[in-house]
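**Q** After the structure tokens below, expect a handful of questions from me.
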Amino acid sequence: MLNLSSKIENIKKVGPAYLKKLHRLNIKTIQDLFFHFPHRYNDFSKRVLISQLKQGQIATIQAEISEIKNTRIPYRNLRKKMILTEALVKDKSGTIKIIWFNQPYLIDTLKKGKIANFSGKLTFAKKTLSLSNPVYEMVGIEKDTTHTGRIIPIYPETAGLSSRYLRYLIKPLLPLTDKISDFLPQQIKQEFNLFNLNQAIKQIHFPDNPVSTQKARQRLAFDEFFLIQLSTIKQKQKLAQEKASNISFDQKLIKTFVKNLPFKLTDDQRISTWEILQDINQDKPMNRLLNGDVGSGKTIIAIISALETAKAGFQTALMAPTEILAKQHFETFNQFLKKSNLKIALLTSSEASLNKKTTSALLKKKIANGEIDIIIGTHSLIQKGLSFKNLALTIIDEQHRFGVAQRAALQKRIYQIEDGLPTIPHLLSMTATPIPRTLALTLYGDLDISLIKKMPQGRKKIITKIITPDDRQKTYDFIKNQIKQKKQAFVICPLIDESEKDMMTEVKSVTQEYEKLSKKIFPQLKIAMLHGKLKPKEKENIMKEFQKGKTDILISTSVVEVGVDIPNATVMMIEGADRFGLAQLHQFRGRIGRGKDQSYCFLFTDSLTQKTNQRLKAISISQDGFELAEKDLKIRGAGDFLGTRQWGLPDLIMASLNDINLIKQTRQAASIVLEKNLINQNLEKKLKKFQRNIHLE
Ligand code: ADP
Ligand code: MG
């Protein structure tokens, strides 16, 4: 007897080859099979007589095969031949021709005299109306059909599993769905008008009608979002019970500091700073995301927060994703906090410095005994054997560049005891990747968010242009001219060497690009290159030379993507621009336009598909990171938007991330469930499993 938890190898139809393929999709039990959802449907529910078939119509006929044969025909201009299967079928109203391509084995099943259903589209082929490539199904004793005469599911074609096979496998198992226990409380189902889970599973695979397809999807997508919301809210509540050091708000200190800045803080900067200072002035840990576009001025907010923390007698750690950036922060912090008389240190894998050179062992000692107020570094801040005396604030810059585990480590590893009570540091994450609202409400649901929407005043708009191969020379001339005026340029290449070359698109490696630009295009200019395989020291020297204006052009992989500040650079040239996401292109562009001069961003592309065009146009028109992020999410889908699939989110979530209504409803539902204590055993189990499978913040 099969049940929900039966292993799929116990199903007769699953032989060793299919078992392997199903396992590759992580389908191990019948229950898993039920949760493998179709991504679309073919509506073959309209049944008609042959005489009623109309051109272009999609329908199902039932007919007897009166003739069937295979012929080989030339395939376009290739030497290969294609096999055409032609059949004549009849019912009481008439006769129609059917053709299939490259399915010669059909004649073994669809023999003369047999009766079958045929579902497909009536089209003109070789001057006659015929059904082309219809789905067929032999008519047997069972009235209920699987592949024809109904709405049929089409599954994502992965691992060589056809939809036909999956339908054949799943359909007879459907009665078992009655055993699926529903984890969603009745009250929620009623309030939000949702299908029962077993009903939803049945209908998502073999819907009775188009409306129930919708309702099934709605219920299942609701589940996924609801579980995310529930876990993020729970996480937030859990964190609220932890203890953190209360950093009292020193109004005079902050006022004086802000007054003496070389610029006036923008309103958004003021509000964000205030939100942070309020948060850390509490006994419970802050968990806040500071989200502001490239160049919007997040660093100064980090500096003010660290200053306040240090003056209250606590330590701050700032972690940046690259050495270049850590070093830059170290210098910026030193510059702004010059008069504050604080001890600031830099700790990366290649460097440990404290104004003047110090060994890393000595520095670690000083961090441990509290001699250092602010520690700036890379991943080296989460290494074993580094301990703090009284770390009260951790800041993570460009947080999306860190793995989830690394982020958690910085907050968790550094437990410390204060008055006998374990406390954890306040956490400030900063990101320049503008997060669309829907994502913020779901994936970042446990974070409080401060937004910097407006840029500091006086920033010039960057002129952005899409450059097709024809405009290449002209653009090179333009860049030459900029450099003549003592400006500098970045060139971004997607990949770093030939071995990583993508077969499909012609991608230029940094080295290749360097050869080309330094020998052919700009032989008289000073050009340097930067990529991830260089030693940190080498990278830093190259960056320094560029910062000092000793090199004219810096060719680089995406390592310059984050943070680096070179006000004299006015040109950003991106090769293979179509290979990057909008959010990333926007980041690159943010490297320029930091000084007072007009800056230019050139998006080089050889690919002019409509999708590419649409994306590159979007970025050439808009400078608003938030707007671009929303667009990117819509155009590319969440999977690509979020970068890799590192989040492990189910496809349904990916597909519905733009559905703000669903997101609001599920958030509301999660709050109701927590408030009224509606968590039952089933839900608890489901939530645990869900949390294991996805990687939330
Ligand atoms: P990001 O948010 O990308 O980290 P930064 O903090 O590096 O941006 O700031 C970009 C530049 O803008 C820096 O040179 C910084 O000194 C400057 N800046 C920050 N805030 C202001 C402001 N309110 N007015 C003018 N310039 C500012
Ligand atoms: Mg920054």
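Labels for the structure tokens follow display order: chains A, B, ..., residues from 1 in each chain, ligands from 1.
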Could you give me, as a list in words, every polymer residue with an atom at most 7 Å away from an atom of ligand 1, counting only C-alpha atoms and all ligand atoms?
**A** Phe263, Lys264, Leu265, Thr266, Gly292, Asp293, Val294, Gly295, Ser296, Gly297, Lys298, Thr299, Ile300, Ala432, Pro456, Gln457, Gly563, Asp565 and Arg594 of chain A
**Q** Mind listing the strand (DSSP E or B) residues of stretch 115-215 of chain A, per DSSP on the backbone, as a PyMOL selection string?
**A** chain A and resi 115-125+128-138+151-154
**Q** At a cut-off of 8 Å, using only C-alpha atoms, what residues contact A:Ile73? Leave out same-chain residues fewer than 4 positions from it and give the result as a PyMOL selection string.
**A** chain A and resi 81-84
**Q** Keeping only N, CA and C atoms, write the selected residues to a file as a short mmCIF file (atom, residue, chain, number, x, y, z; two decimals), in the first residue's frame.
**A**
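And here's result20.cif as it stands now:
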```
data_model
loop_
_atom_site.label_atom_id
_atom_site.label_comp_id
_atom_site.auth_asym_id
_atom_site.auth_seq_id
_atom_site.Cartn_x
_atom_site.Cartn_y
_atom_site.Cartn_z
N LYS A 81 18.05 14.15 -41.94
CA LYS A 81 16.64 14.07 -42.35
C LYS A 81 15.76 14.08 -41.12
N MET A 82 14.51 14.48 -41.36
CA MET A 82 13.57 14.52 -40.27
C MET A 82 12.51 13.47 -40.56
N ILE A 83 11.96 12.90 -39.51
CA ILE A 83 10.92 11.91 -39.76
C ILE A 83 9.55 12.51 -39.51
N LEU A 84 8.73 12.37 -40.52
CA LEU A 84 7.39 12.91 -40.45
C LEU A 84 6.42 11.74 -40.31
#
```
**Q** Around ligand 2, out to 12 Å and counting only C-alpha atoms and all ligand atoms, which residues are there? I want them as a ChimeraX atom specification.
**A** /A:290-303,318-322,324-326,328-329,332,395-399,429-433,560-565,587,590-591
**Q** Using only C-alpha atoms, what does the table of stretch 554-622 of chain A residues within 10 Å of stretch 458-461 of chain A look like, with each row giving the shortest atom pair and its distance in Å to one decimal, sorted by chain and ascending number, as a tab-separated table?
**A**
```
residue	atom	partner	partner_atom	distance
A:Gly593	CA	A:Lys460	CA	6.7
A:Arg594	CA	A:Arg459	CA	7.4
A:Gly595	CA	A:Arg459	CA	7.9
A:Lys596	CA	A:Lys460	CA	7.2
A:Asp597	CA	A:Lys460	CA	7.4
A:Gln598	CA	A:Lys460	CA	6.2
A:Ser599	CA	A:Lys461	CA	7.6
A:Tyr600	CA	A:Lys461	CA	9.0
A:Ser622	CA	A:Lys461	CA	9.9
```
**Q** Let me see the file: selected residues, all heavy atoms, as a tab-separated table (two decimals), in the first residue's frame.
**A**
```
chain	number	residue	atom	x	y	z
A	593	GLY	N	30.89	60.01	-11.28
A	593	GLY	CA	29.93	61.06	-10.92
A	593	GLY	C	30.09	61.47	-9.48
A	593	GLY	O	29.16	61.96	-8.84
A	594	ARG	N	31.26	61.25	-8.91
A	594	ARG	CA	31.46	61.57	-7.50
A	594	ARG	C	32.14	62.93	-7.32
A	594	ARG	O	32.23	63.43	-6.23
A	594	ARG	CB	32.27	60.47	-6.84
A	594	ARG	CG	31.50	59.17	-6.86
A	594	ARG	CD	32.18	58.12	-6.03
A	594	ARG	NE	31.17	57.13	-5.63
A	594	ARG	CZ	31.05	56.64	-4.41
A	594	ARG	NH1	31.87	57.02	-3.47
A	594	ARG	NH2	30.12	55.76	-4.14
A	595	GLY	N	32.64	63.45	-8.42
A	595	GLY	CA	33.28	64.77	-8.34
A	595	GLY	C	32.35	65.83	-8.91
A	595	GLY	O	31.15	65.59	-9.06
A	596	LYS	N	32.93	67.01	-9.25
A	596	LYS	CA	32.07	68.10	-9.72
A	596	LYS	C	31.87	68.08	-11.24
A	596	LYS	O	31.05	68.82	-11.77
A	596	LYS	CB	32.65	69.45	-9.26
A	596	LYS	CG	34.10	69.63	-9.66
A	596	LYS	CD	34.68	70.88	-9.02
A	596	LYS	CE	36.10	71.17	-9.48
A	596	LYS	NZ	36.95	70.02	-9.79
A	597	ASP	N	32.63	67.21	-11.94
A	597	ASP	CA	32.55	67.25	-13.40
A	597	ASP	C	31.51	66.29	-13.97
A	597	ASP	O	31.14	65.31	-13.33
A	597	ASP	CB	33.92	66.90	-13.99
A	597	ASP	CG	34.97	67.89	-13.52
A	597	ASP	OD1	34.83	69.08	-13.83
A	597	ASP	OD2	35.91	67.45	-12.80
A	598	GLN	N	31.07	66.60	-15.19
A	598	GLN	CA	30.12	65.74	-15.87
A	598	GLN	C	30.74	64.35	-16.09
A	598	GLN	O	31.86	64.24	-16.55
A	598	GLN	CB	29.75	66.35	-17.22
A	598	GLN	CG	28.78	65.51	-18.03
A	598	GLN	CD	27.45	65.32	-17.33
A	598	GLN	OE1	26.79	66.28	-16.94
A	598	GLN	NE2	27.07	64.08	-17.12
A	599	SER	N	29.98	63.30	-15.76
A	599	SER	CA	30.49	61.94	-15.96
A	599	SER	C	29.67	61.18	-17.01
A	599	SER	O	28.51	61.53	-17.26
A	599	SER	CB	30.46	61.18	-14.65
A	599	SER	OG	31.45	61.68	-13.79
A	600	TYR	N	30.30	60.15	-17.56
A	600	TYR	CA	29.68	59.40	-18.64
A	600	TYR	C	29.79	57.90	-18.40
A	600	TYR	O	30.85	57.41	-18.03
A	600	TYR	CB	30.37	59.72	-19.97
A	600	TYR	CG	30.39	61.19	-20.28
A	600	TYR	CD1	31.42	61.99	-19.79
A	600	TYR	CD2	29.38	61.78	-21.04
A	600	TYR	CE1	31.45	63.35	-20.05
A	600	TYR	CE2	29.39	63.14	-21.30
A	600	TYR	CZ	30.43	63.93	-20.80
A	600	TYR	OH	30.44	65.26	-21.06
A	622	SER	N	17.09	55.96	-16.42
A	622	SER	CA	16.85	56.25	-15.00
A	622	SER	C	18.13	56.25	-14.17
A	622	SER	O	19.04	55.46	-14.40
A	622	SER	CB	15.89	55.21	-14.44
A	622	SER	OG	15.79	55.37	-13.05
```
